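Undergrad: After the structure tokens below, expect a handful of questions from me.
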Protein chains: 2
Amino acid sequence: MPELRKDPISGRWVIISIERGKRPSDFGMRVSPKKGGFCAFCEGNEHTTPPEIMSFRPDEGKPDTPGWKLRVVANKFPALSVEGELDRVGEGIFDKINGVGAHEVVIECPDHSMTLSTMPVKSVEEVLWAFHQRMQDLKKDKRFKYVLVFKNEGDDAGASLEHTHSQLIALPIVPQLVEEEIVQSKQYYDYKERCIFCDIIHQETASKTRVISENKDFIAIAPFASRSPFETMILPKDHRSSFGPDNNFNLLAEILQRTLKQIDKVLDLPPYNLMIHTSPFKNETNDYYHWHIEILPKLTKIAGFEWGSGFHINPTPPEEAAKFMREADV
Amino acid sequence: MPELRKDPISGRWVIISIERGKRPSDFGMRVSPKKGGFCAFCEGNEHTTPPEIMSFRPDEGKPDTPGWKLRVVANKFPALSVEGELDRVGEGIFDKINGVGAHEVVIECPDHSMTLSTMPVKSVEEVLWAFHQRMQDLKKDKRFKYVLVFKNEGDDAGASLEHTHSQLIALPIVPQLVEEEIVQSKQYYDYKERCIFCDIIHQETASKTRVISENKDFIAIAPFASRSPFETMILPKDHRSSFGPDNNFNLLAEILQRTLKQIDKVLDLPPYNLMIHTSPFKNETNDYYHWHIEILPKLTKIAGFEWGSGFHINPTPPEEAAKFMREADV
């Protein structure tokens with residue numbers, strides 16, 4: 001019999017359809033091979049992107065020239081505009097805000113053939129440092145309440161360029177999903193005086209069935225109410241409310257890359273989305289919210305049932321997904 | 001400058017990125033032409049589907065034989081199981097419920113070449129009657145709290161069969177998105193003593209910019225905070241809390257088909273999802289919730305930003321979408 005499972009952090013229900021019990025080979029989708037051709041993110045083409053906001057340059061060369069290991073540039077087609085004041089206005093019954101925000105691209109490495117799974121783990125660590133430095137810088141702008149870091153890998157996951165990159169969007173409001181997680185976590189904390197994420201880590205570590213891997217500081221699990229097959233969450237084992245370098249970025253890079261290698265191995269290079277959820281700027285240090293990375297391989301379609309209900313149907317139980325991931329030889 | 005707009009019913013924010021200002025011809029996706037071949041939903045193949053739950057048969061022929069105008073059958077691959085008791089259990093910190101529910105398919109007409117846009121409008125009305133009759137029947141089962149009616153048109157919108165059909169899923173809990181709309185509508189009603197949907201209809205009718213079409217009983221609008229380009233909402237003009245025949249199904253069929261024809265004309269047969277939101281069984285008649293149809297053409301991809309934030313980025317302002325729809329010659 002299928003199960004309806006509730007995610008205790010977001011309050012979201014999912015249908016785990018055990019009968020359908022899809023195995024990795026049942027998913028046809030995968031990233032198409034890189035097409036190559038001209039790429040604005042490749043080394044040598046620095047002049048074709050907006051100017052560098054920051055870069056890592058071991059040779060200390062000039063901005064917007066070759067010799068970099070990582071570059072951050074403004075998104076050429078930003079979803080929000082960095083100029084302008086934050087203006088809240090009504091339109092009769094409706095509310096709107098000027099679309100003020102920042103939209104940046106982290107070009108993760110100069111080599112077009114690399115991905116976050118295949119680049120040196122040291123480069124993955126540098127990507128994490130870039131996220132941190134940009135978040136710290138964007139925090140100084142008082143118009144922004146939150147920075148969402150995310151990555152789209154593969155055309156079907158929404159990537160419009162194939163060269164490996166992540167994005168940051170600084171927002172004038174806290175995103176709804178983060179806000180919902182915070183409200184639920186706070187309610188749990190008020191009742192139990194414990195962090196709900198810490199409790200989940202404790203229970204998952206004891207039962208082991210949904211644990212994918214761990215190292216000294218981090219754990220990767222298949223969430224109990226995974227929205228899609230092979231959804232993975234990476235969390236610091238000790239309570240940390242915000243993403244930052246007290247989380248030991250080299251161990252984070254290690255488990256992140258291992259997880260992505262497992263996903264690539266089990267699902268044959270699927271498209272995926274990766275998101276970081278952390279505490280909003282106004283309350284970065286707290287006892288109830290626990291920052292984490294969410295990885296969603298793009299294997300199923302969002303259709304009328306999901307759009308109409310807000311529920312997801314997941315044909316692969318997370319216990320089975322975790323087992324496939326653990327057994328992947330990476 | 002882009003705008004952040006808040007949907008007053010769901011509380012959801014969207015980014016309307018006016019600069020990107022995508023016109024209909026900018027969207028490449030469309031339904032691929034029907035491939036044909038063997039189809040279990042075609043007349044003559046009744047034995048290849050699960051047995052008929054109901055049908056409209058002008059000749060009063062036997063079930064599961066040709067001669068029907070519409071058939072409802074169980075979904076061969078149900079997301080939920082119709083057998084079994086409703087059992088709520090805990091698993092440590094987690095909550096789950098047996099996946100009890102019903103999953104039915106409405107085969108909207110016997111002709112493989114037809115769609116909801118091209119079939120006789122009388123057949124569209126019969127589809128609405130089938131939804132109503134199945135909802136009334138499923139309501140008798142006390143395990144179910146809600147029936148979600150939805151339709152996936154086209155492969156990219158999640159349709160696995162191309163023969164025109166809709167689906168119903170009876171659920172043991174009220175879907176999260178409906179619950180959120182009800183909570184917000186109730187709060188608005190408690191404060192204003194007016195239905196928020198009635199207020200929206202009033203404001204939209206006065207300003208006209210987002211009205212797509214109307215007839216005596218119904219209105220079609222492009223929602224202020226549309227999640228995707230050309231999102232359309234059809235509502236009864238007078239307050240009606242639940243979907244049912246006191247809504248005059250022949251006028252509903254007329255505006256629904258006209259809207260779908262406009263979408264097909266403007267966007268060249270795009271894939272789309274259609275959902276009905278109505279009051280849950282336990283409170284079918286109330287002053288605060290107003291049933292409606294939501295239609296979402298599938299033109300953009302859900303990527304990391306949407307998954308991580310719960311916000312949507314919509315590159316076509318609803319005012320422009322409504323204008324294109326109004327001007328479509330259908």
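Residues are named by chain letter and number: chains run A, B, ... in the order of the structure tokens, numbers start at 1 in each chain, and ligands are numbered from 1 in the order shown.
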What residues in chain A lie within 7 Å of chain B, counting only C-alpha atoms, written as a ChimeraX atom specification?
TA: /A:1-6,8,17,79-81,94-99,150-152,157-158,175-178,273-275,301-305,308-311
Undergrad: Pick out the residues sitting within 7 Å of B:Cys42, and hand them over as a PyMOL selection string; count only C-alpha atoms, and ignore anything fewer than 4 positions along from it in its own chain.
TA: chain B and resi 110-112
Undergrad: The selected residues should be written to file as a PDB file, in the first residue's frame (atoms: all heavy atoms).
TA:
ATOM      1  N   PRO B 110     -14.920   9.556 -27.091  1.00  0.00           N
ATOM      2  CA  PRO B 110     -14.379   8.330 -27.710  1.00  0.00           C
ATOM      3  C   PRO B 110     -13.376   8.596 -28.835  1.00  0.00           C
ATOM      4  O   PRO B 110     -12.610   7.709 -29.192  1.00  0.00           O
ATOM      5  CB  PRO B 110     -15.636   7.622 -28.259  1.00  0.00           C
ATOM      6  CG  PRO B 110     -16.725   8.642 -28.287  1.00  0.00           C
ATOM      7  CD  PRO B 110     -16.353   9.755 -27.363  1.00  0.00           C
ATOM      8  N   ASP B 111     -13.369   9.810 -29.361  1.00  0.00           N
ATOM      9  CA  ASP B 111     -12.585  10.116 -30.564  1.00  0.00           C
ATOM     10  C   ASP B 111     -11.163  10.552 -30.194  1.00  0.00           C
ATOM     11  O   ASP B 111     -10.959  11.558 -29.523  1.00  0.00           O
ATOM     12  CB  ASP B 111     -13.311  11.225 -31.335  1.00  0.00           C
ATOM     13  CG  ASP B 111     -12.617  11.583 -32.644  1.00  0.00           C
ATOM     14  OD1 ASP B 111     -11.447  11.190 -32.834  1.00  0.00           O
ATOM     15  OD2 ASP B 111     -13.262  12.264 -33.457  1.00  0.00           O
ATOM     16  N   HIS B 112     -10.180   9.798 -30.663  1.00  0.00           N
ATOM     17  CA  HIS B 112      -8.777  10.031 -30.314  1.00  0.00           C
ATOM     18  C   HIS B 112      -8.275  11.394 -30.793  1.00  0.00           C
ATOM     19  O   HIS B 112      -7.337  11.955 -30.212  1.00  0.00           O
ATOM     20  CB  HIS B 112      -7.913   8.927 -30.939  1.00  0.00           C
ATOM     21  CG  HIS B 112      -6.531   8.844 -30.375  1.00  0.00           C
ATOM     22  ND1 HIS B 112      -6.238   8.091 -29.264  1.00  0.00           N
ATOM     23  CD2 HIS B 112      -5.368   9.433 -30.744  1.00  0.00           C
ATOM     24  CE1 HIS B 112      -4.946   8.212 -28.976  1.00  0.00           C
ATOM     25  NE2 HIS B 112      -4.391   9.023 -29.859  1.00  0.00           N
TER      26      HIS B 112
END
Undergrad: Among stretch 205-253 of chain A, which ones does DSSP place in helix (DSSP H, G or I), written as a VMD selection string?
TA: chain A and resid 205 to 207 245 to 247 249 to 253
Undergrad: What is the distance between atom CA of B:Trp291 and atom CA of B:His312, in Å to one decimal?
TA: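 Computing it gives 23.0 Å between the two atoms.
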Undergrad: For A:Ile107, list every protein, DNA or RNA residue within 7 Å, evaluated using only C-alpha atoms, and leave out those in the same chain fewer than 5 positions away; present the list as a list in words.
TA: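 Listed by chain and then number, they are Phe41, Leu70, Arg71, Val72, Thr164, His165 and Ser166 of chain A.
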Undergrad: Suppose we keep all heavy atoms; can you now write the selection as a PDB file, in the first residue's frame?
TA:
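Dumped to selection28.pdb:
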ATOM      1  N   PHE A  41      31.388  31.372 -20.381  1.00  0.00           N
ATOM      2  CA  PHE A  41      31.956  31.088 -19.060  1.00  0.00           C
ATOM      3  C   PHE A  41      33.345  30.449 -19.149  1.00  0.00           C
ATOM      4  O   PHE A  41      33.998  30.237 -18.134  1.00  0.00           O
ATOM      5  CB  PHE A  41      31.018  30.167 -18.265  1.00  0.00           C
ATOM      6  CG  PHE A  41      29.726  30.812 -17.818  1.00  0.00           C
ATOM      7  CD1 PHE A  41      28.754  30.061 -17.139  1.00  0.00           C
ATOM      8  CD2 PHE A  41      29.468  32.162 -18.036  1.00  0.00           C
ATOM      9  CE1 PHE A  41      27.568  30.654 -16.714  1.00  0.00           C
ATOM     10  CE2 PHE A  41      28.278  32.760 -17.620  1.00  0.00           C
ATOM     11  CZ  PHE A  41      27.326  31.992 -16.952  1.00  0.00           C
ATOM     12  N   LEU A  70      37.969  30.555 -10.201  1.00  0.00           N
ATOM     13  CA  LEU A  70      36.518  30.718  -9.994  1.00  0.00           C
ATOM     14  C   LEU A  70      36.197  32.189 -10.203  1.00  0.00           C
ATOM     15  O   LEU A  70      36.978  33.059  -9.819  1.00  0.00           O
ATOM     16  CB  LEU A  70      36.164  30.268  -8.564  1.00  0.00           C
ATOM     17  CG  LEU A  70      34.722  30.444  -8.066  1.00  0.00           C
ATOM     18  CD1 LEU A  70      34.383  29.365  -7.039  1.00  0.00           C
ATOM     19  CD2 LEU A  70      34.461  31.822  -7.469  1.00  0.00           C
ATOM     20  N   ARG A  71      35.071  32.469 -10.846  1.00  0.00           N
ATOM     21  CA  ARG A  71      34.631  33.858 -11.042  1.00  0.00           C
ATOM     22  C   ARG A  71      33.177  34.008 -10.612  1.00  0.00           C
ATOM     23  O   ARG A  71      32.369  33.102 -10.811  1.00  0.00           O
ATOM     24  CB  ARG A  71      34.683  34.277 -12.518  1.00  0.00           C
ATOM     25  CG  ARG A  71      36.052  34.367 -13.126  1.00  0.00           C
ATOM     26  CD  ARG A  71      35.928  34.696 -14.615  1.00  0.00           C
ATOM     27  NE  ARG A  71      35.725  36.127 -14.851  1.00  0.00           N
ATOM     28  CZ  ARG A  71      34.920  36.630 -15.783  1.00  0.00           C
ATOM     29  NH1 ARG A  71      34.191  35.837 -16.545  1.00  0.00           N
ATOM     30  NH2 ARG A  71      34.806  37.935 -15.931  1.00  0.00           N
ATOM     31  N   VAL A  72      32.843  35.189 -10.059  1.00  0.00           N
ATOM     32  CA  VAL A  72      31.444  35.525  -9.804  1.00  0.00           C
ATOM     33  C   VAL A  72      31.124  36.770 -10.617  1.00  0.00           C
ATOM     34  O   VAL A  72      31.853  37.771 -10.552  1.00  0.00           O
ATOM     35  CB  VAL A  72      31.175  35.790  -8.312  1.00  0.00           C
ATOM     36  CG1 VAL A  72      29.694  36.130  -8.080  1.00  0.00           C
ATOM     37  CG2 VAL A  72      31.574  34.583  -7.468  1.00  0.00           C
ATOM     38  N   THR A 164      29.658  24.491 -15.906  1.00  0.00           N
ATOM     39  CA  THR A 164      29.226  24.314 -14.506  1.00  0.00           C
ATOM     40  C   THR A 164      29.195  25.644 -13.748  1.00  0.00           C
ATOM     41  O   THR A 164      30.173  26.395 -13.731  1.00  0.00           O
ATOM     42  CB  THR A 164      30.099  23.246 -13.797  1.00  0.00           C
ATOM     43  OG1 THR A 164      29.503  22.944 -12.531  1.00  0.00           O
ATOM     44  CG2 THR A 164      31.546  23.695 -13.592  1.00  0.00           C
ATOM     45  N   HIS A 165      28.044  25.954 -13.168  1.00  0.00           N
ATOM     46  CA  HIS A 165      27.857  27.218 -12.447  1.00  0.00           C
ATOM     47  C   HIS A 165      26.737  27.087 -11.418  1.00  0.00           C
ATOM     48  O   HIS A 165      25.893  26.202 -11.522  1.00  0.00           O
ATOM     49  CB  HIS A 165      27.530  28.358 -13.419  1.00  0.00           C
ATOM     50  CG  HIS A 165      26.197  28.226 -14.092  1.00  0.00           C
ATOM     51  ND1 HIS A 165      25.970  27.352 -15.141  1.00  0.00           N
ATOM     52  CD2 HIS A 165      25.004  28.839 -13.865  1.00  0.00           C
ATOM     53  CE1 HIS A 165      24.710  27.441 -15.531  1.00  0.00           C
ATOM     54  NE2 HIS A 165      24.089  28.329 -14.762  1.00  0.00           N
ATOM     55  N   SER A 166      26.775  27.980 -10.435  1.00  0.00           N
ATOM     56  CA  SER A 166      25.691  28.103  -9.450  1.00  0.00           C
ATOM     57  C   SER A 166      25.191  29.535  -9.520  1.00  0.00           C
ATOM     58  O   SER A 166      25.772  30.378 -10.209  1.00  0.00           O
ATOM     59  CB  SER A 166      26.193  27.829  -8.035  1.00  0.00           C
ATOM     60  OG  SER A 166      26.965  26.665  -7.982  1.00  0.00           O
TER      61      SER A 166
END
Undergrad: Atom CA of B:Met233 to atom CA of B:Met54: how many Å, to one decimal?
TA: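 So the two atoms, atom CA of B:Met233 and atom CA of B:Met54, lie 28.6 Å apart.
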Undergrad: Which of stretch 24-127 of chain A end up as strand (DSSP E or B) when DSSP is run on this backbone - answer as a list of chain:residue names?
TA: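 Answer for stretch 24-127 of chain A restricted to strand (DSSP E or B) is A:Glu52, A:Ile53, A:Met54, A:Ser55, A:Phe56, A:Leu70, A:Arg71, A:Val72, A:Val73, A:Ala74, A:Ser81, A:Arg88, A:Val89, A:Gly90, A:Glu91, A:Phe94, A:Asp95, A:Lys96, A:Ile97, A:Asn98, A:Val100, A:Ala102, A:His103, A:Glu104, A:Val105, A:Val106, A:Ile107.
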Undergrad: Neighbouring residues of stretch 316-329 of chain B were defined as those with any atom within 10 Å, considering only C-alpha atoms; residues of the same chain fewer than 5 positions away were excluded. Please report them as a PyMOL selection string.
TA: chain B and resi 2-3+15-24+208-213+220-232+259-267
Undergrad: Could you take the residues named above and write them with N, CA, C and O atoms, as a compact mmCIF listing (two decimals), in the first residue's frame?
TA:
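As a result, again04.txt now contains:
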# COMPACT_ATOMS: atom_id res chain seq x y z
N PRO B 2 11.47 44.76 -12.48
CA PRO B 2 10.58 43.63 -12.17
C PRO B 2 9.74 43.94 -10.94
O PRO B 2 10.03 44.88 -10.19
N GLU B 3 8.69 43.17 -10.74
CA GLU B 3 7.83 43.35 -9.57
C GLU B 3 7.70 42.05 -8.81
O GLU B 3 7.58 40.98 -9.40
N ILE B 15 7.69 36.59 -8.94
CA ILE B 15 8.47 37.67 -9.56
C ILE B 15 7.96 37.83 -10.99
O ILE B 15 8.03 36.88 -11.78
N ILE B 16 7.39 38.99 -11.28
CA ILE B 16 6.95 39.28 -12.65
C ILE B 16 8.09 40.05 -13.29
O ILE B 16 8.38 41.19 -12.93
N SER B 17 8.79 39.39 -14.19
CA SER B 17 10.00 40.02 -14.71
C SER B 17 9.66 40.73 -16.01
O SER B 17 9.73 40.19 -17.11
N ILE B 18 9.24 41.97 -15.85
CA ILE B 18 8.69 42.77 -16.95
C ILE B 18 9.71 42.98 -18.06
O ILE B 18 9.37 42.94 -19.24
N GLU B 19 10.99 43.14 -17.69
CA GLU B 19 12.02 43.37 -18.71
C GLU B 19 12.09 42.19 -19.68
O GLU B 19 12.25 42.36 -20.87
N ARG B 20 12.01 41.00 -19.10
CA ARG B 20 12.11 39.83 -19.98
C ARG B 20 10.91 39.81 -20.93
O ARG B 20 11.01 39.31 -22.04
N GLY B 21 9.79 40.36 -20.45
CA GLY B 21 8.55 40.53 -21.21
C GLY B 21 8.34 39.56 -22.37
O GLY B 21 8.23 39.95 -23.52
N LYS B 22 8.24 38.31 -22.04
CA LYS B 22 8.14 37.32 -23.13
C LYS B 22 6.78 37.37 -23.80
O LYS B 22 5.75 37.37 -23.15
N ARG B 23 6.81 37.38 -25.14
CA ARG B 23 5.60 37.33 -25.94
C ARG B 23 5.31 35.87 -26.29
O ARG B 23 6.18 35.02 -26.15
N PRO B 24 4.07 35.60 -26.73
CA PRO B 24 3.72 34.19 -26.98
C PRO B 24 4.72 33.47 -27.86
O PRO B 24 5.05 32.31 -27.61
N LYS B 208 -10.53 45.95 -15.62
CA LYS B 208 -10.61 45.26 -16.93
C LYS B 208 -9.28 44.73 -17.48
O LYS B 208 -9.29 43.88 -18.37
N THR B 209 -8.12 45.23 -17.00
CA THR B 209 -6.85 44.88 -17.66
C THR B 209 -6.52 43.39 -17.59
O THR B 209 -5.81 42.89 -18.45
N ARG B 210 -6.99 42.72 -16.57
CA ARG B 210 -6.66 41.29 -16.44
C ARG B 210 -7.86 40.39 -16.73
O ARG B 210 -7.77 39.18 -16.53
N VAL B 211 -8.96 40.96 -17.20
CA VAL B 211 -10.12 40.14 -17.57
C VAL B 211 -9.89 39.57 -18.97
O VAL B 211 -9.53 40.30 -19.89
N ILE B 212 -10.08 38.27 -19.10
CA ILE B 212 -9.91 37.63 -20.40
C ILE B 212 -11.26 37.52 -21.11
O ILE B 212 -11.39 37.85 -22.27
N SER B 213 -12.26 37.03 -20.41
CA SER B 213 -13.59 36.95 -21.01
C SER B 213 -14.61 36.73 -19.90
O SER B 213 -14.25 36.44 -18.75
N ALA B 220 -13.30 34.82 -16.66
CA ALA B 220 -11.94 34.25 -16.77
C ALA B 220 -10.96 35.41 -16.64
O ALA B 220 -11.07 36.41 -17.35
N ILE B 221 -10.02 35.28 -15.71
CA ILE B 221 -9.03 36.34 -15.50
C ILE B 221 -7.62 35.78 -15.50
O ILE B 221 -7.40 34.59 -15.28
N ALA B 222 -6.65 36.68 -15.77
CA ALA B 222 -5.24 36.35 -15.59
C ALA B 222 -4.89 36.81 -14.18
O ALA B 222 -4.92 38.01 -13.90
N PRO B 223 -4.60 35.90 -13.24
CA PRO B 223 -4.38 36.31 -11.85
C PRO B 223 -3.26 37.34 -11.72
O PRO B 223 -2.23 37.24 -12.41
N PHE B 224 -3.47 38.32 -10.83
CA PHE B 224 -2.48 39.38 -10.55
C PHE B 224 -1.09 38.79 -10.32
O PHE B 224 -0.10 39.32 -10.82
N ALA B 225 -1.01 37.73 -9.53
CA ALA B 225 0.29 37.10 -9.24
C ALA B 225 0.36 35.74 -9.93
O ALA B 225 0.62 34.71 -9.30
N SER B 226 0.17 35.74 -11.25
CA SER B 226 0.24 34.49 -12.03
C SER B 226 1.59 33.82 -11.84
O SER B 226 2.63 34.46 -11.97
N ARG B 227 1.56 32.51 -11.59
CA ARG B 227 2.80 31.77 -11.39
C ARG B 227 3.53 31.52 -12.69
O ARG B 227 4.75 31.38 -12.72
N SER B 228 2.78 31.41 -13.78
CA SER B 228 3.42 31.12 -15.07
C SER B 228 2.72 31.94 -16.14
O SER B 228 1.61 32.41 -15.95
N PRO B 229 3.40 32.15 -17.28
CA PRO B 229 2.80 32.93 -18.36
C PRO B 229 1.45 32.35 -18.76
O PRO B 229 1.31 31.14 -18.89
N PHE B 230 0.47 33.23 -18.92
CA PHE B 230 -0.85 32.85 -19.41
C PHE B 230 -1.62 31.96 -18.42
O PHE B 230 -2.55 31.27 -18.82
N GLU B 231 -1.25 31.98 -17.14
CA GLU B 231 -2.10 31.33 -16.14
C GLU B 231 -3.48 31.96 -16.21
O GLU B 231 -3.62 33.18 -16.40
N THR B 232 -4.51 31.15 -16.10
CA THR B 232 -5.89 31.64 -16.19
C THR B 232 -6.73 31.04 -15.07
O THR B 232 -6.56 29.87 -14.72
N THR B 259 -11.75 29.60 -23.29
CA THR B 259 -10.43 29.87 -22.72
C THR B 259 -9.37 28.92 -23.31
O THR B 259 -8.28 29.36 -23.68
N LEU B 260 -9.71 27.64 -23.40
CA LEU B 260 -8.74 26.68 -23.94
C LEU B 260 -8.47 26.94 -25.42
O LEU B 260 -7.34 26.78 -25.88
N LYS B 261 -9.49 27.35 -26.15
CA LYS B 261 -9.29 27.72 -27.57
C LYS B 261 -8.36 28.93 -27.67
O LYS B 261 -7.49 29.00 -28.55
N GLN B 262 -8.54 29.91 -26.77
CA GLN B 262 -7.67 31.09 -26.78
C GLN B 262 -6.22 30.69 -26.48
O GLN B 262 -5.28 31.14 -27.13
N ILE B 263 -6.05 29.83 -25.48
CA ILE B 263 -4.70 29.36 -25.13
C ILE B 263 -4.08 28.63 -26.31
O ILE B 263 -2.92 28.85 -26.67
N ASP B 264 -4.85 27.74 -26.94
CA ASP B 264 -4.35 26.99 -28.10
C ASP B 264 -3.97 27.93 -29.24
O ASP B 264 -2.95 27.71 -29.92
N LYS B 265 -4.79 28.95 -29.44
CA LYS B 265 -4.55 29.88 -30.55
C LYS B 265 -3.30 30.74 -30.27
O LYS B 265 -2.43 30.89 -31.12
N VAL B 266 -3.25 31.32 -29.07
CA VAL B 266 -2.16 32.26 -28.76
C VAL B 266 -0.83 31.52 -28.63
O VAL B 266 0.21 32.03 -29.05
N LEU B 267 -0.85 30.33 -28.05
CA LEU B 267 0.41 29.64 -27.72
C LEU B 267 0.66 28.42 -28.59
O LEU B 267 1.60 27.65 -28.34
Undergrad: For B:Asn75, which residue among B:His103, B:Arg57, B:Arg143, B:His239 is the nearest when counting only C-alpha atoms?
TA: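 Closest to B:Asn75, using only C-alpha atoms: B:His103.
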Undergrad: With a cut-off of 10 Å, could you pull out the residues of stretch 267-324 of chain B touching stretch 127-140 of chain B and give me the nearest pair of atoms for each, distance in Å to one decimal, using only C-alpha atoms, ordered by chain and ascending number, as a Markdown table?
TA:
| residue | atom | partner | partner_atom | distance |
| --- | --- | --- | --- | --- |
| B:Ile276 | CA | B:Phe131 | CA | 9.9 |
| B:Pro280 | CA | B:Lys139 | CA | 9.8 |
| B:Phe281 | CA | B:Lys139 | CA | 6.9 |
| B:Lys282 | CA | B:Lys139 | CA | 9.6 |
Undergrad: Quick one: distance from atom CA of B:Glu162 to atom CA of B:Ile234 in Å, one decimal?
TA: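 For atom CA of B:Glu162 relative to atom CA of B:Ile234, the distance reads 24.5 Å.
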Undergrad: For A:Ala102, which of A:Phe38, A:Leu116, A:Asp141, A:Phe197 is the closest residue, counting only C-alpha atoms?
TA: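 Using only C-alpha atoms, A:Ala102 sits closest to A:Asp141.
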